[in-house]
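Take a look at the structure set out below.
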Amino acid sequence: MSQKTEKPTLSGQRIKTRKRDEREKYDPSGFRDLILQGFSEAGPSLDAVYKFLDTAGSKLDYRRYGEVLFDILLAGGHLAPGGTIVNDFDTNKFLRTDVCVFSANDDLDSLKGYAQLITKLVRRYKYLEKTLEDELKKVLVFLKAFSPEERAKLAKVTCILVGSGLVPSVVLISCLQDHLIKEGIALQFLLDFFKTWLLEKDAPTLWTALRKAGLETRLMEFLPTTRQTPEIFSETFENHGLSSLLDYLKAHQDTSVKKDLQQQVVPLLKNDAPIKEMLSLLKDFQNKHNLLEHDLAVLVWKTLMAAVEWNKKEELVAEQALKHLKKYSVLLAAFTQNGKSELSLLIKIQEFCYDNMNFMKVFRKIVFLLYKTDVLSEDVIMKWYKEAHSSKGKTVFLEQMRKIVEWFQDAEEESGEED
């Protein structure tokens with residue numbers, strides 16, 4: 001009779017988890033209390049505060065509680081979702097400190113002190129760099145919970161940190177929340193950021209920062225939806241003393257837009273695509289980039305002239321240019337529906353003919369062609385002749401146009417006599 005084989009069993013002593021391997025319970029409130037106590041003992045001196053933070057980093061877990069640490073440095077306390085400071089329900093008091101950005105004096109020197117404190121701390125503990133970026137992205141979403149004064153201080157400190165390279169400019173995208181845009185909070189934050197930047201740096205460096213974040217063509221999105229027009233955008237910047245920045249941004253946007261437009265339209269021109277197709281593309285392009293009509297009129301001119309390899313012989317280039325422009329004059333006419341657009345185009349034609357010597361003698365013929373094809377009006381040509389021309393080659397071009405102007409004046413006099 002066979003016996004059932006006994007299965008082997010594992011025996012031995014159960015090993016307890018070592019204390020050092022046990023993960024401590026997540027306790028942001030406990031961490032907050034220790035930081036607030038240290039700030040209280042350090043007093044208002046930021047040097048003393050940094051000394052405490054530097055020393056405490058060897059005892060406190062900054063890697064785990066970095067978000068709480070930056071909450072305190074920015075807002076004075078641990079922020080709950082939404083941006084309010086976490087309340088102590090036992091004592092019904094807010095646990096916060098005045099040693100923070102929100103309680104600082106609203107002058108650049110004071111705010112620079114906090115930016116320097118944060119910078120030194122991050123450089124001391126490099127792993128906090130990503131935490132700081134995430135913290136700012138989070139806090140910018142909470143802007144509505146803060147007072148206008150606190151938002152202004154936060155914008156200035158954010159600007160200083162982005163300008164120093166400690167924080168990437170991409171954090172600004174966090175402002176593009178529907179509720180912040182609708183109430184104008186996102187726009188005001190951006191304006192405060194720009195004003196601070198221009199006090200410390202210049203427009204070219206700001207443009208570079210915006211490009212790194214992919215924001216150079218998205219600034220219009222910071223305006224409330226119903227106010228996202230080029231006119232209101234320009235007016236807003238001018239009203240806040242940012243006209244020089246607006247001019248710089250516009251010039252560089254034009255360069256980027258021009259390149260994009262040429263890449264799309266030039267192949268169509270070379271392939272002799274239907275004019276209706278090109279016109280539709282241009283209209284869509286105008287809406288996409290919120291371009292003003294007079295800006296687009298100039299861009300269309302530049303694109304038309306860039307699409308052709310011009311003859312180097314002066315006597316042949318005139319015929320080539322007139323044939324080309326006559327064919328596509330409808331594209332120019334579509335974006336010269338007002339006097340400002342016509343004048344902008346006429347001045348650009350003058351400057352083009354001056355910069356390209358082979359076109360110096362063709363200027364009058366180009367202008368007259370565009371007059372006959374209803375791109376340029378008599379009134380605008382007269383205004384250009386009398387007062388609005390560019391200084392580039394004005395003596396040559398005014399002389400070329402003299403007979404046409406006289407013809408306009410004679411026709412007007414004859415019309416008056418008939419009346």
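Chain labels follow the order of the structure tokens: the first chain is A, the next B, and so on; residue numbering restarts at 1 in every chain, and ligands are counted from 1 in their shown order.
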
- Message: List as a list in words the protein and nucleic acid residues near Val298 in chain A, meaning an atom at most 8 Å away when only C-alpha atoms are counted, but skip any in the same chain fewer than 5 places from it.
- Response: Ser344, Leu345 and Lys348 of chain A

Hey, can you spit out that residue selection with all heavy atoms as a PDB file, in the first residue's frame?
```
ATOM      1  N   SER A 344      -0.567 102.290 -47.568  1.00  0.00           N
ATOM      2  CA  SER A 344       0.491 101.379 -47.096  1.00  0.00           C
ATOM      3  C   SER A 344       1.102 100.632 -48.277  1.00  0.00           C
ATOM      4  O   SER A 344       2.326 100.468 -48.359  1.00  0.00           O
ATOM      5  CB  SER A 344      -0.077 100.379 -46.084  1.00  0.00           C
ATOM      6  OG  SER A 344      -0.554 101.033 -44.932  1.00  0.00           O
ATOM      7  N   LEU A 345       0.247 100.179 -49.190  1.00  0.00           N
ATOM      8  CA  LEU A 345       0.727  99.456 -50.369  1.00  0.00           C
ATOM      9  C   LEU A 345       1.564 100.366 -51.266  1.00  0.00           C
ATOM     10  O   LEU A 345       2.648  99.980 -51.725  1.00  0.00           O
ATOM     11  CB  LEU A 345      -0.462  98.900 -51.154  1.00  0.00           C
ATOM     12  CG  LEU A 345      -0.122  98.226 -52.487  1.00  0.00           C
ATOM     13  CD1 LEU A 345       0.797  97.023 -52.271  1.00  0.00           C
ATOM     14  CD2 LEU A 345      -1.395  97.806 -53.225  1.00  0.00           C
ATOM     15  N   LYS A 348       4.951 100.981 -49.852  1.00  0.00           N
ATOM     16  CA  LYS A 348       5.782  99.767 -49.974  1.00  0.00           C
ATOM     17  C   LYS A 348       6.286  99.591 -51.413  1.00  0.00           C
ATOM     18  O   LYS A 348       7.431  99.191 -51.638  1.00  0.00           O
ATOM     19  CB  LYS A 348       4.974  98.547 -49.544  1.00  0.00           C
ATOM     20  CG  LYS A 348       5.711  97.224 -49.651  1.00  0.00           C
ATOM     21  CD  LYS A 348       7.085  97.246 -48.983  1.00  0.00           C
ATOM     22  CE  LYS A 348       6.998  97.476 -47.502  1.00  0.00           C
ATOM     23  NZ  LYS A 348       8.341  97.458 -46.868  1.00  0.00           N
TER      24      LYS A 348
END
```

- Message: For Ser391 in chain A, find every residue with an atom within 12 Å (counting only C-alpha atoms), except residues of its own chain fewer than 4 positions away, and show them as a list in words.
- Response: Ile347, Lys348, Gln350, Glu351, Tyr354, Trp384, Tyr385, Glu387, Thr395, Val396, Phe397 and Leu398 of chain A

- Query: In Å, with one decimal, what is the gap from CA of Phe222 in chain A to CA of Asp295 in chain A?
  - Reply: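 Between CA of Phe222 in chain A and CA of Asp295 in chain A the gap is 21.8 Å.
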
- Item | Every residue of range 130-290 of chain A that DSSP places in helix (DSSP H, G or I), as a PyMOL selection string | chain A and resi 130-141+143-145+148-163+169-175+178-182+185-200+203-213+219-222+225-227+230-239+243-270+275-289

- Message: I want to know what sits within 12 Å of Phe52 in chain A, based on only C-alpha atoms, with residues of the same chain fewer than 2 positions away left out; could you give that as a list in words?
- Response: Leu34, Ile35, Leu36, Gln37, Gly38, Phe39, Ser40, Glu41, Ala42, Gly43, Ser45, Leu46, Asp47, Ala48, Val49, Tyr50, Asp54, Thr55, Ala56, Gly57, Ser58, Lys59, Leu60, Leu117 and Leu121 of chain A

With N, CA, C and O atoms retained, export the selected residues as a JSON list (two decimals), in the first residue's frame.
```
[["chain", "number", "residue", "atom", "x", "y", "z"],
["A", 34, "LEU", "N", 6.86, 72.95, 10.53],
["A", 34, "LEU", "CA", 8.30, 73.09, 10.81],
["A", 34, "LEU", "C", 8.89, 74.27, 10.03],
["A", 34, "LEU", "O", 9.73, 75.01, 10.57],
["A", 35, "ILE", "N", 8.44, 74.45, 8.78],
["A", 35, "ILE", "CA", 8.94, 75.58, 7.98],
["A", 35, "ILE", "C", 8.47, 76.90, 8.58],
["A", 35, "ILE", "O", 9.25, 77.85, 8.73],
["A", 36, "LEU", "N", 7.19, 76.96, 8.96],
["A", 36, "LEU", "CA", 6.66, 78.21, 9.54],
["A", 36, "LEU", "C", 7.35, 78.54, 10.86],
["A", 36, "LEU", "O", 7.61, 79.72, 11.15],
["A", 37, "GLN", "N", 7.65, 77.51, 11.64],
["A", 37, "GLN", "CA", 8.36, 77.74, 12.90],
["A", 37, "GLN", "C", 9.76, 78.29, 12.63],
["A", 37, "GLN", "O", 10.22, 79.23, 13.28],
["A", 38, "GLY", "N", 10.43, 77.71, 11.62],
["A", 38, "GLY", "CA", 11.77, 78.18, 11.27],
["A", 38, "GLY", "C", 11.75, 79.61, 10.75],
["A", 38, "GLY", "O", 12.63, 80.42, 11.10],
["A", 39, "PHE", "N", 10.73, 79.96, 9.97],
["A", 39, "PHE", "CA", 10.60, 81.33, 9.46],
["A", 39, "PHE", "C", 10.37, 82.30, 10.61],
["A", 39, "PHE", "O", 10.89, 83.42, 10.63],
["A", 40, "SER", "N", 9.54, 81.87, 11.57],
["A", 40, "SER", "CA", 9.23, 82.73, 12.71],
["A", 40, "SER", "C", 10.49, 83.02, 13.53],
["A", 40, "SER", "O", 10.73, 84.14, 13.96],
["A", 41, "GLU", "N", 11.31, 81.99, 13.70],
["A", 41, "GLU", "CA", 12.55, 82.17, 14.47],
["A", 41, "GLU", "C", 13.58, 82.98, 13.70],
["A", 41, "GLU", "O", 14.37, 83.72, 14.29],
["A", 42, "ALA", "N", 13.55, 82.87, 12.37],
["A", 42, "ALA", "CA", 14.53, 83.60, 11.54],
["A", 42, "ALA", "C", 14.17, 85.09, 11.45],
["A", 42, "ALA", "O", 15.06, 85.93, 11.25],
["A", 43, "GLY", "N", 12.89, 85.42, 11.58],
["A", 43, "GLY", "CA", 12.49, 86.82, 11.49],
["A", 43, "GLY", "C", 12.36, 87.27, 10.04],
["A", 43, "GLY", "O", 12.40, 86.46, 9.11],
["A", 45, "SER", "N", 14.38, 88.88, 8.09],
["A", 45, "SER", "CA", 15.59, 88.92, 7.28],
["A", 45, "SER", "C", 15.63, 87.74, 6.31],
["A", 45, "SER", "O", 15.61, 86.57, 6.74],
["A", 46, "LEU", "N", 15.68, 88.04, 5.01],
["A", 46, "LEU", "CA", 15.72, 86.96, 4.02],
["A", 46, "LEU", "C", 17.03, 86.18, 4.07],
["A", 46, "LEU", "O", 17.07, 84.99, 3.73],
["A", 47, "ASP", "N", 18.09, 86.83, 4.50],
["A", 47, "ASP", "CA", 19.36, 86.12, 4.67],
["A", 47, "ASP", "C", 19.24, 85.07, 5.76],
["A", 47, "ASP", "O", 19.73, 83.93, 5.62],
["A", 48, "ALA", "N", 18.57, 85.45, 6.86],
["A", 48, "ALA", "CA", 18.36, 84.50, 7.96],
["A", 48, "ALA", "C", 17.42, 83.37, 7.53],
["A", 48, "ALA", "O", 17.62, 82.21, 7.91],
["A", 49, "VAL", "N", 16.41, 83.71, 6.74],
["A", 49, "VAL", "CA", 15.48, 82.69, 6.24],
["A", 49, "VAL", "C", 16.22, 81.70, 5.35],
["A", 49, "VAL", "O", 16.02, 80.48, 5.47],
["A", 50, "TYR", "N", 17.08, 82.21, 4.46],
["A", 50, "TYR", "CA", 17.83, 81.29, 3.60],
["A", 50, "TYR", "C", 18.76, 80.41, 4.42],
["A", 50, "TYR", "O", 18.89, 79.21, 4.14],
["A", 54, "ASP", "N", 18.65, 76.47, 4.17],
["A", 54, "ASP", "CA", 19.85, 75.75, 3.75],
["A", 54, "ASP", "C", 20.20, 74.66, 4.75],
["A", 54, "ASP", "O", 20.48, 73.51, 4.38],
["A", 55, "THR", "N", 20.13, 75.00, 6.03],
["A", 55, "THR", "CA", 20.45, 74.03, 7.08],
["A", 55, "THR", "C", 19.38, 72.96, 7.20],
["A", 55, "THR", "O", 19.67, 71.77, 7.34],
["A", 56, "ALA", "N", 18.11, 73.39, 7.09],
["A", 56, "ALA", "CA", 16.99, 72.45, 7.28],
["A", 56, "ALA", "C", 16.92, 71.43, 6.15],
["A", 56, "ALA", "O", 16.32, 70.35, 6.32],
["A", 57, "GLY", "N", 17.52, 71.73, 5.01],
["A", 57, "GLY", "CA", 17.47, 70.82, 3.88],
["A", 57, "GLY", "C", 18.08, 69.46, 4.16],
["A", 57, "GLY", "O", 17.74, 68.47, 3.50],
["A", 58, "SER", "N", 18.97, 69.40, 5.13],
["A", 58, "SER", "CA", 19.60, 68.12, 5.46],
["A", 58, "SER", "C", 18.70, 67.28, 6.38],
["A", 58, "SER", "O", 18.93, 66.09, 6.56],
["A", 59, "LYS", "N", 17.68, 67.93, 6.98],
["A", 59, "LYS", "CA", 16.80, 67.23, 7.92],
["A", 59, "LYS", "C", 15.39, 67.04, 7.34],
["A", 59, "LYS", "O", 14.76, 66.01, 7.55],
["A", 60, "LEU", "N", 14.93, 68.05, 6.63],
["A", 60, "LEU", "CA", 13.57, 68.00, 6.09],
["A", 60, "LEU", "C", 13.60, 67.46, 4.65],
["A", 60, "LEU", "O", 14.57, 67.66, 3.93],
["A", 117, "LEU", "N", 16.20, 84.66, -3.19],
["A", 117, "LEU", "CA", 16.10, 83.61, -2.17],
["A", 117, "LEU", "C", 15.72, 82.28, -2.81],
["A", 117, "LEU", "O", 16.34, 81.23, -2.55],
["A", 121, "LEU", "N", 18.11, 78.85, -3.26],
["A", 121, "LEU", "CA", 17.63, 77.57, -2.72],
["A", 121, "LEU", "C", 17.63, 76.49, -3.81],
["A", 121, "LEU", "O", 18.06, 75.35, -3.57]]
```

Sorted by chain and rising residue number, which residues of range 184-289 of chain A lie within 12 Å of range 147-151 of chain A, and what are their closest atom pairs and distances in Å to one decimal, counting only C-alpha atoms, as JSON lines?
```
{"residue": "A:Gly184", "atom": "CA", "partner": "A:Pro148", "partner_atom": "CA", "distance": 11.2}
{"residue": "A:Ile185", "atom": "CA", "partner": "A:Pro148", "partner_atom": "CA", "distance": 8.6}
{"residue": "A:Ala186", "atom": "CA", "partner": "A:Arg151", "partner_atom": "CA", "distance": 9.9}
{"residue": "A:Leu187", "atom": "CA", "partner": "A:Arg151", "partner_atom": "CA", "distance": 11.5}
{"residue": "A:Gln188", "atom": "CA", "partner": "A:Arg151", "partner_atom": "CA", "distance": 8.8}
{"residue": "A:Phe189", "atom": "CA", "partner": "A:Arg151", "partner_atom": "CA", "distance": 6.8}
{"residue": "A:Leu190", "atom": "CA", "partner": "A:Arg151", "partner_atom": "CA", "distance": 10.5}
{"residue": "A:Leu191", "atom": "CA", "partner": "A:Arg151", "partner_atom": "CA", "distance": 11.4}
{"residue": "A:Asp192", "atom": "CA", "partner": "A:Arg151", "partner_atom": "CA", "distance": 9.0}
{"residue": "A:Phe193", "atom": "CA", "partner": "A:Arg151", "partner_atom": "CA", "distance": 10.3}
```

Once you have the residues from the selection above, write them out as a PDB file, in the first residue's frame, restricted to C-alpha atoms.
```
ATOM      1  CA  GLY A 184      -9.143  89.687 -17.984  1.00  0.00           C
ATOM      2  CA  ILE A 185      -6.891  88.184 -15.301  1.00  0.00           C
ATOM      3  CA  ALA A 186      -4.663  86.385 -17.803  1.00  0.00           C
ATOM      4  CA  LEU A 187      -4.171  89.566 -19.825  1.00  0.00           C
ATOM      5  CA  GLN A 188      -3.309  91.696 -16.782  1.00  0.00           C
ATOM      6  CA  PHE A 189      -0.793  89.103 -15.594  1.00  0.00           C
ATOM      7  CA  LEU A 190       0.851  89.108 -19.027  1.00  0.00           C
ATOM      8  CA  LEU A 191       1.005  92.920 -19.112  1.00  0.00           C
ATOM      9  CA  ASP A 192       2.582  93.054 -15.618  1.00  0.00           C
ATOM     10  CA  PHE A 193       5.082  90.403 -16.744  1.00  0.00           C
TER      11      PHE A 193
END
```

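Atom pair CA of Ala152 in chain A / CA of Glu183 in chain A: separated by 15.3 Å.
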